[in-house]
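K.L.:
Have a peek at input.cif (mmCIF, C-alpha atoms).
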data_data
loop_
_atom_site.group_PDB
_atom_site.id
_atom_site.type_symbol
_atom_site.label_atom_id
_atom_site.label_comp_id
_atom_site.auth_asym_id
_atom_site.auth_seq_id
_atom_site.Cartn_x
_atom_site.Cartn_y
_atom_site.Cartn_z
ATOM 1 C CA MET A 1 79.858 -24.904 23.306
ATOM 2 C CA VAL A 2 83.173 -23.137 22.689
ATOM 3 C CA THR A 3 84.557 -26.240 20.970
ATOM 4 C CA LEU A 4 81.625 -26.423 18.550
ATOM 5 C CA SER A 5 81.837 -22.715 17.792
ATOM 6 C CA ALA A 6 85.567 -22.989 17.194
ATOM 7 C CA CYS A 7 85.056 -25.989 14.924
ATOM 8 C CA GLY A 8 82.314 -24.044 13.152
ATOM 9 C CA LEU A 9 84.764 -21.243 12.427
ATOM 10 C CA VAL A 10 87.424 -23.707 11.316
ATOM 11 C CA ALA A 11 84.875 -25.535 9.134
ATOM 12 C CA LEU A 12 83.828 -22.286 7.543
ATOM 13 C CA LEU A 13 87.411 -21.375 6.715
ATOM 14 C CA SER A 14 89.047 -24.703 5.957
ATOM 15 C CA GLY A 15 86.582 -27.569 5.914
ATOM 16 C CA CYS A 16 87.378 -28.723 9.488
ATOM 17 C CA GLY A 17 90.241 -31.201 9.558
ATOM 18 C CA ARG A 18 88.674 -33.421 12.214
ATOM 19 C CA ARG A 19 85.100 -34.549 12.111
ATOM 20 C CA ASP A 20 83.092 -33.860 15.259
ATOM 21 C CA ALA A 21 80.014 -35.914 16.038
ATOM 22 C CA ALA A 22 76.751 -34.179 15.256
ATOM 23 C CA PRO A 23 75.002 -33.067 18.447
ATOM 24 C CA ASN A 24 72.425 -35.412 19.909
ATOM 25 C CA SER A 25 69.247 -33.497 19.098
ATOM 26 C CA THR A 26 65.553 -34.280 18.937
ATOM 27 C CA PHE A 27 63.684 -32.593 16.111
ATOM 28 C CA VAL A 28 59.925 -31.963 16.296
ATOM 29 C CA LEU A 29 58.537 -32.085 12.773
ATOM 30 C CA LEU A 30 55.594 -30.101 11.457
ATOM 31 C CA ASP A 31 53.292 -33.109 11.820
ATOM 32 C CA GLY A 32 54.232 -33.399 15.509
ATOM 33 C CA SER A 33 56.380 -36.503 15.083
ATOM 34 C CA GLN A 34 59.935 -36.579 16.392
ATOM 35 C CA ILE A 35 63.232 -37.788 15.019
ATOM 36 C CA SER A 36 66.681 -37.596 16.522
ATOM 37 C CA THR A 37 70.197 -37.204 15.245
ATOM 38 C CA ALA A 38 70.682 -40.937 15.857
ATOM 39 C CA ASP A 39 68.005 -41.626 13.221
ATOM 40 C CA PHE A 40 70.344 -40.175 10.578
ATOM 41 C CA LYS A 41 73.070 -42.805 11.111
ATOM 42 C CA GLY A 42 73.729 -44.621 7.871
ATOM 43 C CA ARG A 43 72.517 -41.645 5.813
ATOM 44 C CA VAL A 44 74.284 -38.536 4.573
ATOM 45 C CA THR A 45 72.277 -35.678 6.060
ATOM 46 C CA LEU A 46 71.967 -31.968 5.416
ATOM 47 C CA VAL A 47 70.769 -29.979 8.447
ATOM 48 C CA ASN A 48 69.701 -26.499 7.368
ATOM 49 C CA PHE A 49 68.829 -23.740 9.855
ATOM 50 C CA TRP A 50 66.578 -21.195 8.161
ATOM 51 C CA ALA A 51 63.731 -18.728 8.639
ATOM 52 C CA THR A 52 60.779 -17.666 6.517
ATOM 53 C CA THR A 53 61.897 -14.034 6.940
ATOM 54 C CA CYS A 54 65.429 -14.750 5.687
ATOM 55 C CA VAL A 55 65.655 -13.632 2.049
ATOM 56 C CA SER A 56 68.640 -15.827 1.183
ATOM 57 C CA CYS A 57 66.995 -18.823 2.932
ATOM 58 C CA VAL A 58 63.893 -18.446 0.789
ATOM 59 C CA ARG A 59 66.024 -17.948 -2.336
ATOM 60 C CA LYS A 60 68.014 -21.101 -1.455
ATOM 61 C CA MET A 61 65.010 -23.423 -0.968
ATOM 62 C CA PRO A 62 64.683 -24.462 -4.642
ATOM 63 C CA ALA A 63 68.348 -25.551 -4.563
ATOM 64 C CA LEU A 64 67.729 -27.552 -1.377
ATOM 65 C CA ILE A 65 64.699 -29.177 -3.001
ATOM 66 C CA SER A 66 66.641 -30.113 -6.154
ATOM 67 C CA THR A 67 69.574 -31.434 -4.097
ATOM 68 C CA TYR A 68 67.249 -33.528 -1.945
ATOM 69 C CA ASN A 69 65.418 -34.906 -4.990
ATOM 70 C CA LYS A 70 68.697 -35.695 -6.735
ATOM 71 C CA PHE A 71 70.135 -37.774 -3.872
ATOM 72 C CA LYS A 72 67.188 -38.966 -1.715
ATOM 73 C CA ASP A 73 67.089 -42.455 -3.248
ATOM 74 C CA ARG A 74 70.779 -42.994 -2.514
ATOM 75 C CA GLY A 75 70.769 -42.580 1.278
ATOM 76 C CA PHE A 76 70.523 -38.796 1.573
ATOM 77 C CA GLU A 77 68.303 -36.919 4.011
ATOM 78 C CA THR A 78 67.549 -33.234 4.520
ATOM 79 C CA ILE A 79 66.048 -31.567 7.556
ATOM 80 C CA ALA A 80 65.171 -27.880 7.492
ATOM 81 C CA VAL A 81 65.124 -26.456 11.031
ATOM 82 C CA ALA A 82 63.052 -23.291 11.412
ATOM 83 C CA MET A 83 64.529 -20.863 13.913
ATOM 84 C CA SER A 84 62.798 -20.243 17.257
ATOM 85 C CA TYR A 85 61.639 -16.745 16.255
ATOM 86 C CA ASP A 86 59.856 -18.046 13.149
ATOM 87 C CA PRO A 87 56.085 -18.327 13.810
ATOM 88 C CA PRO A 88 55.044 -21.987 13.380
ATOM 89 C CA ALA A 89 52.044 -20.978 11.226
ATOM 90 C CA TRP A 90 54.407 -19.205 8.794
ATOM 91 C CA VAL A 91 56.700 -22.245 8.640
ATOM 92 C CA LEU A 92 53.768 -24.574 7.993
ATOM 93 C CA ASN A 93 52.386 -22.271 5.291
ATOM 94 C CA PHE A 94 55.812 -21.987 3.651
ATOM 95 C CA ALA A 95 56.361 -25.764 3.683
ATOM 96 C CA GLN A 96 52.899 -26.446 2.254
ATOM 97 C CA THR A 97 52.878 -23.758 -0.434
ATOM 98 C CA ARG A 98 56.412 -24.619 -1.587
ATOM 99 C CA GLN A 99 55.686 -28.365 -1.292
ATOM 100 C CA LEU A 100 58.926 -28.990 0.597
ATOM 101 C CA PRO A 101 59.676 -32.695 0.060
ATOM 102 C CA PHE A 102 62.038 -33.085 3.019
ATOM 103 C CA LYS A 103 61.580 -32.991 6.783
ATOM 104 C CA VAL A 104 60.848 -29.591 8.347
ATOM 105 C CA ALA A 105 61.357 -29.102 12.083
ATOM 106 C CA LEU A 106 60.375 -26.350 14.483
ATOM 107 C CA ASP A 107 62.947 -25.201 17.028
ATOM 108 C CA ASN A 108 60.430 -23.439 19.292
ATOM 109 C CA THR A 109 62.785 -23.189 22.273
ATOM 110 C CA GLY A 110 66.016 -22.517 20.380
ATOM 111 C CA GLN A 111 67.604 -25.598 21.957
ATOM 112 C CA ILE A 112 68.481 -27.241 18.640
ATOM 113 C CA ALA A 113 70.253 -24.093 17.433
ATOM 114 C CA ARG A 114 72.170 -23.962 20.743
ATOM 115 C CA ASP A 115 73.093 -27.651 20.444
ATOM 116 C CA TRP A 116 74.502 -27.122 16.956
ATOM 117 C CA GLY A 117 76.971 -24.400 17.974
ATOM 118 C CA ASP A 118 74.626 -21.592 18.990
ATOM 119 C CA VAL A 119 73.402 -20.956 15.444
ATOM 120 C CA ARG A 120 72.220 -17.370 15.060
ATOM 121 C CA LEU A 121 72.789 -16.596 11.386
ATOM 122 C CA THR A 122 70.583 -18.015 8.660
ATOM 123 C CA PRO A 123 71.047 -19.894 6.548
ATOM 124 C CA THR A 124 73.515 -22.086 8.420
ATOM 125 C CA THR A 125 73.884 -25.571 6.998
ATOM 126 C CA TYR A 126 75.688 -28.665 8.240
ATOM 127 C CA LEU A 127 76.630 -31.675 6.152
ATOM 128 C CA VAL A 128 76.759 -34.869 8.229
ATOM 129 C CA ASP A 129 78.299 -38.146 7.022
ATOM 130 C CA ARG A 130 76.876 -41.655 7.394
ATOM 131 C CA GLN A 131 78.677 -42.085 10.718
ATOM 132 C CA GLY A 132 76.974 -39.029 12.186
ATOM 133 C CA ARG A 133 79.998 -36.723 11.983
ATOM 134 C CA ILE A 134 79.868 -33.125 10.810
ATOM 135 C CA VAL A 135 81.856 -32.874 7.597
ATOM 136 C CA ARG A 136 81.232 -29.230 6.761
ATOM 137 C CA GLN A 137 79.435 -26.142 7.988
ATOM 138 C CA PHE A 138 78.235 -23.444 5.610
ATOM 139 C CA VAL A 139 77.212 -20.019 6.899
ATOM 140 C CA GLY A 140 75.274 -18.139 4.240
ATOM 141 C CA GLU A 141 74.482 -19.549 0.842
ATOM 142 C CA ALA A 142 76.524 -22.607 -0.071
ATOM 143 C CA ASP A 143 77.843 -23.090 -3.588
ATOM 144 C CA LEU A 144 75.379 -25.650 -5.006
ATOM 145 C CA ALA A 145 77.862 -27.410 -7.291
ATOM 146 C CA ALA A 146 80.450 -27.759 -4.513
ATOM 147 C CA LEU A 147 77.811 -28.963 -2.053
ATOM 148 C CA GLN A 148 76.511 -31.581 -4.470
ATOM 149 C CA GLN A 149 80.060 -32.792 -5.174
ATOM 150 C CA MET A 150 80.628 -33.234 -1.425
ATOM 151 C CA ILE A 151 77.348 -35.150 -1.086
ATOM 152 C CA GLU A 152 78.285 -37.325 -4.064
ATOM 153 C CA ARG A 153 81.649 -38.182 -2.458
ATOM 154 C CA LEU A 154 80.054 -38.975 0.905
ATOM 155 C CA LEU A 155 77.393 -41.172 -0.666
ATOM 156 C CA ALA A 156 80.098 -43.094 -2.547
ATOM 157 C CA GLN A 157 81.800 -43.976 0.762
ATOM 158 C CA SER A 158 80.478 -46.968 2.667
#
In structure tokens, what does this structure look like?
P.N.:
Amino acid sequence: MVTLSACGLVALLSGCGRRDAAPNSTFVLLDGSQISTADFKGRVTLVNFWATTCVSCVRKMPALISTYNKFKDRGFETIAVAMSYDPPAWVLNFAQTRQLPFKVALDNTGQIARDWGDVRLTPTTYLVDRQGRIVRQFVGEADLAALQQMIERLLAQS
């Protein structure tokens, strides 16, 4: 846990020189189905920890939607992980009313947040490459143009 937190701090400040493997996590989606981190191999993936009560998370959702729509046909995936304190009914309502086009997971126990470096602040976003390695962590709102440039570069790599 200390290693992930340290890498998270390094990633926040400098982009993390070495790429750590994304934690092996199982995500329970709103429809009850499950996917795991291993399912993302071969795809560039954005893992976004958020909450319906987080003002900047809500403000950021249109940017996440546009980013997903821009890159989804090129091997890009997004999963929005609702924090454990977020009532599932609120998350479902938010996803339905905003017509979120990407996967939305519930972290009812908080285990996923713990696995990913004990995430406590929202939004916290991880960019994972095709090999399943964390390329970058963003705490707070990420610069959309910079994020999309990073995704573009990762998608261009085989």
K.L.:
Would you compute an axis-aligned box for stretch 92-109 of chain A, covering every atom listed for it in the file with 6 Å of margin on each side, and report centre and edge lengths in Å to one decimal as lines of an AutoDock Vina configuration file?
P.N.:
center_x = 57.7
center_y = -27.5
center_z = 10.3
size_x = 22.6
size_y = 23.1
size_z = 35.9
K.L.:
Please, which residues in stretch 18-120 of chain A fall within 9 Å of stretch 141-144 of chain A when counting only C-alpha atoms, and what is the closest atom pair and distance in Å to one decimal for each, ordered by chain then residue number, as a Markdown table?
P.N.:
| residue | atom | partner | partner_atom | distance |
| --- | --- | --- | --- | --- |
| A:Ser56 | CA | A:Glu141 | CA | 6.9 |
| A:Cys57 | CA | A:Glu141 | CA | 7.8 |
| A:Lys60 | CA | A:Glu141 | CA | 7.0 |
| A:Ala63 | CA | A:Leu144 | CA | 7.0 |
| A:Leu64 | CA | A:Leu144 | CA | 8.7 |
| A:Thr67 | CA | A:Leu144 | CA | 8.2 |
K.L.:
Nearest to A:Pro87 among A:Gln131, A:Trp116, A:Thr53, A:Pro62, with distances taken over all atoms listed in the file: which residue is it?
P.N.:
A:Thr53
K.L.:
Applying the PyMOL selection byres ((chain A and resi 29) around 7) to the file I just gave you, which residues come out? Please list them as a PyMOL selection string.
P.N.:
chain A and resi 27-28+30-34+103-106
K.L.:
Measuring atom to atom with all atoms listed in the file, identify which of A:Ile35, A:Ala156, A:Phe40, A:Met61 is nearest to A:Ala80.
P.N.:
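Among A:Ile35, A:Ala156, A:Phe40, A:Met61, it is A:Met61 that comes nearest to A:Ala80.
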K.L.:
Compare A:Gln149, A:Gln157, A:Thr97, A:Thr78 by their minimum atom-to-atom distance to A:Thr125, counting only C-alpha atoms, and give me the closest one.
P.N.:
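Nearest to A:Thr125: A:Thr78.
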K.L.:
For a test of reading the model, state the distance in Å between atom CA of A:Pro88 and atom CA of A:Thr45, rounded to one decimal.
P.N.:
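Taking atom CA of A:Pro88 as the start and atom CA of A:Thr45 as the end point, the length is 23.2 Å.
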K.L.:
Smallest atom-to-atom distance to A:Leu127: which of A:Arg114, A:Arg74, A:Arg153, A:Arg98, using only C-alpha atoms?
P.N.:
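Checking each candidate against A:Leu127, we get A:Arg153 as the closest.
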K.L.:
So how many Å separate atom CA of A:Arg133 and atom CA of A:Asp20, to one decimal?
P.N.:
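Taking atom CA of A:Arg133 and atom CA of A:Asp20, their separation equals 5.3 Å.
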K.L.:
Please enumerate the residues selected by the PyMOL selection byres ((chain A and resi 47) around 6) when evaluated against the supplied file, formatted as a PyMOL selection string.
P.N.:
chain A and resi 46+48+79+125-126
K.L.:
Applying the PyMOL selection byres ((chain A and resi 113) around 12) to the file I just gave you, which residues come out? Please list them as a short mmCIF file (atom, residue, chain, number, x, y, z; two decimals) with C-alpha atoms, in the frame of the given file.
P.N.:
data_model
loop_
_atom_site.label_atom_id
_atom_site.label_comp_id
_atom_site.auth_asym_id
_atom_site.auth_seq_id
_atom_site.Cartn_x
_atom_site.Cartn_y
_atom_site.Cartn_z
CA MET A 1 79.86 -24.90 23.31
CA LEU A 4 81.62 -26.42 18.55
CA SER A 5 81.84 -22.72 17.79
CA PRO A 23 75.00 -33.07 18.45
CA ASN A 24 72.42 -35.41 19.91
CA SER A 25 69.25 -33.50 19.10
CA THR A 26 65.55 -34.28 18.94
CA PHE A 27 63.68 -32.59 16.11
CA VAL A 47 70.77 -29.98 8.45
CA ASN A 48 69.70 -26.50 7.37
CA PHE A 49 68.83 -23.74 9.86
CA TRP A 50 66.58 -21.20 8.16
CA ALA A 80 65.17 -27.88 7.49
CA VAL A 81 65.12 -26.46 11.03
CA ALA A 82 63.05 -23.29 11.41
CA MET A 83 64.53 -20.86 13.91
CA SER A 84 62.80 -20.24 17.26
CA TYR A 85 61.64 -16.74 16.26
CA ALA A 105 61.36 -29.10 12.08
CA LEU A 106 60.38 -26.35 14.48
CA ASP A 107 62.95 -25.20 17.03
CA ASN A 108 60.43 -23.44 19.29
CA THR A 109 62.78 -23.19 22.27
CA GLY A 110 66.02 -22.52 20.38
CA GLN A 111 67.60 -25.60 21.96
CA ILE A 112 68.48 -27.24 18.64
CA ARG A 114 72.17 -23.96 20.74
CA ASP A 115 73.09 -27.65 20.44
CA TRP A 116 74.50 -27.12 16.96
CA GLY A 117 76.97 -24.40 17.97
CA ASP A 118 74.63 -21.59 18.99
CA VAL A 119 73.40 -20.96 15.44
CA ARG A 120 72.22 -17.37 15.06
CA LEU A 121 72.79 -16.60 11.39
CA THR A 122 70.58 -18.02 8.66
CA PRO A 123 71.05 -19.89 6.55
CA THR A 124 73.52 -22.09 8.42
CA THR A 125 73.88 -25.57 7.00
CA TYR A 126 75.69 -28.66 8.24
#
K.L.:
Please complete stretch 67-82 of chain A so it has N, CA and C atoms, and hand it over as a PDB file, in the frame of the given file.
P.N.:
ATOM      1  N   THR A  67      68.512 -30.593  -4.665  1.00  0.00           N
ATOM      2  CA  THR A  67      69.574 -31.434  -4.097  1.00  0.00           C
ATOM      3  C   THR A  67      68.962 -32.650  -3.409  1.00  0.00           C
ATOM      4  N   TYR A  68      67.931 -32.414  -2.616  1.00  0.00           N
ATOM      5  CA  TYR A  68      67.249 -33.528  -1.945  1.00  0.00           C
ATOM      6  C   TYR A  68      66.713 -34.523  -2.973  1.00  0.00           C
ATOM      7  N   ASN A  69      66.004 -34.023  -3.975  1.00  0.00           N
ATOM      8  CA  ASN A  69      65.418 -34.906  -4.990  1.00  0.00           C
ATOM      9  C   ASN A  69      66.479 -35.673  -5.771  1.00  0.00           C
ATOM     10  N   LYS A  70      67.615 -35.050  -5.983  1.00  0.00           N
ATOM     11  CA  LYS A  70      68.697 -35.695  -6.735  1.00  0.00           C
ATOM     12  C   LYS A  70      69.294 -36.884  -5.980  1.00  0.00           C
ATOM     13  N   PHE A  71      69.403 -36.774  -4.643  1.00  0.00           N
ATOM     14  CA  PHE A  71      70.135 -37.774  -3.872  1.00  0.00           C
ATOM     15  C   PHE A  71      69.289 -38.617  -2.912  1.00  0.00           C
ATOM     16  N   LYS A  72      68.006 -38.315  -2.750  1.00  0.00           N
ATOM     17  CA  LYS A  72      67.188 -38.966  -1.715  1.00  0.00           C
ATOM     18  C   LYS A  72      67.124 -40.483  -1.847  1.00  0.00           C
ATOM     19  N   ASP A  73      67.187 -41.006  -3.050  1.00  0.00           N
ATOM     20  CA  ASP A  73      67.089 -42.455  -3.248  1.00  0.00           C
ATOM     21  C   ASP A  73      68.419 -43.172  -3.035  1.00  0.00           C
ATOM     22  N   ARG A  74      69.448 -42.410  -2.688  1.00  0.00           N
ATOM     23  CA  ARG A  74      70.779 -42.994  -2.514  1.00  0.00           C
ATOM     24  C   ARG A  74      71.263 -42.916  -1.060  1.00  0.00           C
ATOM     25  N   GLY A  75      70.362 -42.639  -0.130  1.00  0.00           N
ATOM     26  CA  GLY A  75      70.769 -42.580   1.278  1.00  0.00           C
ATOM     27  C   GLY A  75      71.038 -41.174   1.762  1.00  0.00           C
ATOM     28  N   PHE A  76      70.346 -40.201   1.202  1.00  0.00           N
ATOM     29  CA  PHE A  76      70.523 -38.796   1.573  1.00  0.00           C
ATOM     30  C   PHE A  76      69.255 -38.283   2.239  1.00  0.00           C
ATOM     31  N   GLU A  77      69.428 -37.507   3.281  1.00  0.00           N
ATOM     32  CA  GLU A  77      68.303 -36.919   4.011  1.00  0.00           C
ATOM     33  C   GLU A  77      68.547 -35.424   4.183  1.00  0.00           C
ATOM     34  N   THR A  78      67.480 -34.670   4.242  1.00  0.00           N
ATOM     35  CA  THR A  78      67.549 -33.234   4.520  1.00  0.00           C
ATOM     36  C   THR A  78      66.548 -32.922   5.613  1.00  0.00           C
ATOM     37  N   ILE A  79      66.972 -32.083   6.554  1.00  0.00           N
ATOM     38  CA  ILE A  79      66.048 -31.567   7.556  1.00  0.00           C
ATOM     39  C   ILE A  79      66.247 -30.066   7.640  1.00  0.00           C
ATOM     40  N   ALA A  80      65.152 -29.341   7.429  1.00  0.00           N
ATOM     41  CA  ALA A  80      65.171 -27.880   7.492  1.00  0.00           C
ATOM     42  C   ALA A  80      64.638 -27.482   8.865  1.00  0.00           C
ATOM     43  N   VAL A  81      65.473 -26.819   9.658  1.00  0.00           N
ATOM     44  CA  VAL A  81      65.124 -26.456  11.031  1.00  0.00           C
ATOM     45  C   VAL A  81      64.778 -24.974  11.073  1.00  0.00           C
ATOM     46  N   ALA A  82      63.502 -24.684  11.322  1.00  0.00           N
ATOM     47  CA  ALA A  82      63.052 -23.291  11.412  1.00  0.00           C
ATOM     48  C   ALA A  82      63.501 -22.712  12.752  1.00  0.00           C
TER      49      ALA A  82
END
